[in-house]
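A.B. asks: Let me begin by handing over the structure; questions about it come next.
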Amino acid sequence: MTRYDLHCHSTCSDGLLSPTDVVRRAAARGVDVLALTDHDELAGLAEAREAARDIGIGFVPGSELSVTWRDTTLHVVGLGVDSDNEALADGLDNVRRGRDVRARRIGDALADAGIPDAFEGALTYVTSARLVSRTHFARFLIEAGHARDMKDVFRRYLSKGNPGYVAHAWPTLDEAVTWIHGAGGRAVIAHPGRYKIDRGARRELFAEFRDLGGDAIEIISPSHDAAQYREFAELARTFGLRGSCGTDFHGEGESHVDFGDLPPLPLRVEPVWQDW
Ligand code: AMP
Ligand code: MN
Ligand code: MN
Ligand code: MN
């Protein structure tokens, strides 16, 4: 059976390994087909594709797009996108510029909370000048002793309702799906179990996503437990959506699930790679 991993990050966003090293690690751990899906970025795809070719595994160019739906931030993974597509590339350039503005405001918010120079601190953890994320603030805050680990730093500072959180308007669900489809890709709702929305809203999200032409939902993810695998498999069938799977690997020590560690997609779900 071919082992797919369709969600992970490199140093082109908030991962700890270069695109080449991500591919090498995935291959060494038994992944047959890998998608690199850096946040709002396509810059690592050419390097990863080359590495995958050299090492002899399949490669799917992807990206994980940030979206604002109602008042919730969602992630939509695009799979099989053409990295030269202008509308997608320009759209993501814009999103990354928005990230720069947000990062300064996060720095200001943390200063107000008694932590000065966090913007400069976060920049020392940035690995691509093109993209700053909350993960870089998290690494700085942990290293500076303000929190124990990733979970703790998001709980205390960086998530909604906390002193270092800054609300941000990301693209709409419609824009994200349109960009991904325009670039020839498939749109996947990433880790749906992570969003703080109730069951009713989640069904409304899936219905809206399907009506926009969305393709799949991520069923197998470290963000989900076994009961959620079953729940999201059932919901995929109900809404006529396909299923996807991925480790969302960011790096050793930060991701508790490594390449090759996840169970396969449930058989009753039509996989997103069905007609690849
Ligand atoms: P951003 O896209 O800049 O808002 O940052 C979001 C990233 O922060 C996610 O992709 C994760 O890598 C990380 N993240 C968000 N929430 C948590 C959390 N509770 N624990 C660990 N990492 C998180
Ligand atoms: Mn991330
Ligand atoms: Mn995500
Ligand atoms: Mn991710």
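Within each chain, counting starts at residue 1; across the structure tokens, chains are named A, B, ... in the order shown, with ligands numbered 1 upward in that order.
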Kindly compile the residues surrounding ligand 4 within 10 Å, counting only C-alpha atoms and all ligand atoms, and format them as a PyMOL selection string.

C.D. replies: chain A and resi 6-9+13-15+36-39+63-66+75-77+190-191+221+246-250

A.B. asks: Out of segment 121-213 of chain A, which residues get helix (DSSP H, G or I) from DSSP, as a PyMOL selection string?

C.D. replies: chain A and resi 121-123+134-143+150-158+173-182+192-194+199-211

A.B. asks: For Asp71 of chain A, which of A:Val132, A:Leu141, A:Ile197, A:Met1 is the closest residue, counting only C-alpha atoms?

C.D. replies: A:Ile197

A.B. asks: Using only C-alpha atoms and all ligand atoms, which residues of chain A come within 6 Å of ligand 1, and what is the closest atom pair for each, with the distance in Å to one decimal? Give it as a tab-separated table, sorted by chain and residue number.

C.D. replies:
residue	atom	partner	partner_atom_place_in_ligand_line	distance
A:Ser133	CA	ligand 1	3 (O)	3.3
A:Arg134	CA	ligand 1	3 (O)	3.9
A:Thr135	CA	ligand 1	8 (O)	4.7
A:Met150	CA	ligand 1	21 (C)	4.8
A:Lys151	CA	ligand 1	20 (N)	4.3
A:Phe154	CA	ligand 1	19 (N)	5.0

A.B. asks: Would you please give, as a PyMOL selection string, all residues of segment 28-275 of chain A that DSSP assigns to strand (DSSP E or B) based on the backbone?

C.D. replies: chain A and resi 33-36+39+58-69+72-79+128+131+186-189+216-220+242-245+249+252+255+271

A.B. asks: Pull C-alpha atoms from the residues just selected and write them as a compact mmCIF listing (two decimals), in the first residue's frame.

C.D. replies:
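After the write, part_39.txt holds the following:
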# COMPACT_ATOMS: atom_id res chain seq x y z
CA VAL A 33 4.23 10.23 -1.58
CA LEU A 34 4.87 13.52 0.23
CA ALA A 35 3.26 16.94 -0.03
CA LEU A 36 5.17 19.95 1.31
CA HIS A 39 2.02 28.19 5.41
CA GLY A 58 6.46 10.85 -5.14
CA PHE A 59 6.00 14.56 -4.58
CA VAL A 60 2.90 16.75 -4.44
CA PRO A 61 3.39 20.54 -4.43
CA GLY A 62 1.19 22.14 -1.80
CA SER A 63 0.58 25.01 0.58
CA GLU A 64 -1.45 25.54 3.75
CA LEU A 65 -3.53 28.68 3.36
CA SER A 66 -4.71 30.77 6.30
CA VAL A 67 -8.39 31.69 6.07
CA THR A 68 -10.85 33.70 8.13
CA TRP A 69 -14.27 32.05 8.29
CA THR A 72 -12.40 31.78 13.25
CA THR A 73 -9.01 31.21 11.60
CA LEU A 74 -9.02 28.05 9.49
CA HIS A 75 -6.34 26.32 7.46
CA VAL A 76 -7.01 25.06 3.95
CA VAL A 77 -4.38 22.84 2.36
CA GLY A 78 -3.98 23.10 -1.39
CA LEU A 79 -2.57 19.95 -3.00
CA SER A 128 12.84 32.62 5.63
CA LEU A 131 7.52 34.55 6.28
CA ARG A 186 -7.38 20.24 -4.64
CA ALA A 187 -8.64 22.10 -1.57
CA VAL A 188 -8.61 20.32 1.79
CA ILE A 189 -9.90 21.57 5.16
CA ALA A 216 -11.63 17.01 0.91
CA ILE A 217 -11.19 17.14 4.65
CA GLU A 218 -8.12 16.04 6.55
CA ILE A 219 -9.24 13.04 8.57
CA ILE A 220 -5.99 11.52 9.78
CA ARG A 242 -12.86 13.11 0.00
CA GLY A 243 -10.38 12.37 2.78
CA SER A 244 -6.75 13.34 3.33
CA CYS A 245 -4.01 12.55 5.83
CA PHE A 249 5.34 17.69 10.83
CA GLU A 252 11.71 16.96 16.07
CA SER A 255 5.89 17.53 16.57
CA PRO A 271 -8.99 9.44 -0.83

A.B. asks: Write out as number ranges by chain the residues lying within 9 Å of Arg105 of chain A, counting only C-alpha atoms and excluding same-chain residues fewer than 3 positions away.

C.D. replies: A: 100-102, 108-110, 119, 164, 166
